[in-house]
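Down below is the structure, laid out as structure tokens.
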Amino acid sequence: MIVNFDNAATTFPKPSSVTSALYGATKRYGGNAGRGGHRLTAITTEKIFDTRQAAADFFGAQPENTVFTMNCTHSLNLAIQGIMSGGGHIIISGIEHNSSARPVYALAQKGRCTFSIAEVGKTDEETVNNFRKLIRHNTKAIVCTIAGNVTGQIMPYKQLGKLCLEKDICFIADGAQACGVLDIKMSDGINILCTSGHKGLYGPSGTGILISDCKFLIDPLMQGGTGSSVFNLKHPDYLPDSLESGTPNTWGVIALKQGIDFVARKTPAKIYAHENNLCSRFIKGLEGTDAIIYRNRDLSYVPVVSFNIPGVKPEQTAYVLDKHGFCLRAGLHCAPLAHHSLGTENGTVRFSPSVFNNEKQVDDLVKIIKNKNKFSESY
Amino acid sequence: MNVTAVLMPSVTHALRAKRIFSGMGYMCEIKRASNVSRNGCTHYIAVSTNTATVISILNKNRIKYGEILEESGGAG
């Protein structure tokens, strides 16, 4: 028996409609989308567009402003490096994943931008004010996760969107942990939404999405074949072609539509309610133990719970749980800034359910965590 | 029947236009432009209505488009 409680990294299992679509795509959609005019290309191009339309509808965007990428890290790199190509100042939050923090840091190391880190406050208002205080005359962008990947804390993204609008700054939102469980729309004040296809949207790995409202020009990181404007050596400057050089993950993108449809049918609100119930059950189950839960009653969270067992290293906890069939991620979760903010330099263990988990699985997990003898086993 | 042919910046724009025109009851086909030496490898849409209507609908839906290739009074 394997129970996956590491869905914040990638959801598994996938809906059967996704696996069927992926397999079906390998049998039917063998053309190179947008290249050439023969029927194999034409039907493949239509299927890619179907996913583009589904993603655009889901997030309240236009299909031609919806770009397919490899993953959320790819989307964030396109956004951050593309917006900051002319230099300037950028602000990130103190709980950003390395997918945002590292490209910003790398640009700064090369002398191509400066950056500031806004501390996450005890309230949303304090957090927004921390961002506001860091804005300079040359600040070009704010990058903020909609929900942190370590504790699941929901950031005040709508307020940050308003702040960016007020200051004419580009708001780049990392939706990796939020899309699929929160009803995220571009009208929330987001200029560029970056997300993965393989997490809350239940698509295959190797799929990601970038959506722009086209207010800010994103300078492409790559130039190459797009199947359009072929005569010009100058790369197209319009979306999606400007950011989609080369052949895409055709089959993954086609299957991603089924994931988006799956989430849209269930609705993010119902998925959130189910997963949040499992998180509450998990937390309640650990009441009366000395387990540390990294949550603050005054804040909101997506269905992710970070915890530690005092005296047991997170990696050891995950190792023991894995031996009992439960897959949970331990460590820094690629977000050292968040652990610095949290004071958990040794990391945490992260419980992140999906729509396919159930209460019995949570109860069985809690039973094992409560049996401290199991954690004294050799590691 | 009038047919208007419009070059599109990319196949994505062409597909969006096609679905809008089809949804409005117009016949719309996506074709590859044959004059490669002039236009490069690109797509155009052929819509079963006059140019003014096509342009109006494209503008209303904020769809980028390129050159109007032709308006013919034949069957297209």
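All residue names refer to the structure tokens as shown: chains lettered A, B, ... in order, residues numbered from 1 in each chain, ligands numbered from 1 in order.
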Worksheet entry | DSSP-assigned alpha helix (DSSP H) members of region 19-262 of chain A, reported as a PyMOL selection string | chain A and resi 19-28+39-59+72-83+98-109+124-134+157-167+250-262
Practice prompt. With a cut-off of 8 Å and counting only C-alpha atoms, select all residues of chain A in contact with chain B and give the selection as a count of residues only.
Written response: 15
Fill in: Long-range neighbours of Glu71 (chain B) as a list in words, 8 Å cut-off, only C-alpha atoms, 3 positions minimum in chain
Asn2, Val3, Thr4, Ala5, Asn50, Thr51 and Ile68 of chain B
Export of the given selection (C-alpha atoms) as a PDB file, in the first residue's frame:
ATOM      1  CA  ASN B   2     -18.428  36.698 -50.086  1.00  0.00           C
ATOM      2  CA  VAL B   3     -15.285  35.134 -48.681  1.00  0.00           C
ATOM      3  CA  THR B   4     -12.667  37.183 -46.881  1.00  0.00           C
ATOM      4  CA  ALA B   5      -9.156  35.883 -46.354  1.00  0.00           C
ATOM      5  CA  ASN B  50     -17.428  40.492 -46.289  1.00  0.00           C
ATOM      6  CA  THR B  51     -14.263  42.190 -45.136  1.00  0.00           C
ATOM      7  CA  ILE B  68      -6.364  41.187 -45.785  1.00  0.00           C
TER       8      ILE B  68
END
Response to the item:
From CA of Ser116 (chain A) to CA of Ile142 (chain A) the spacing works out at 9.6 Å
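We find CA of Tyr272 (chain A) and CA of Leu286 (chain A) to be spaced 21.0 Å apart.
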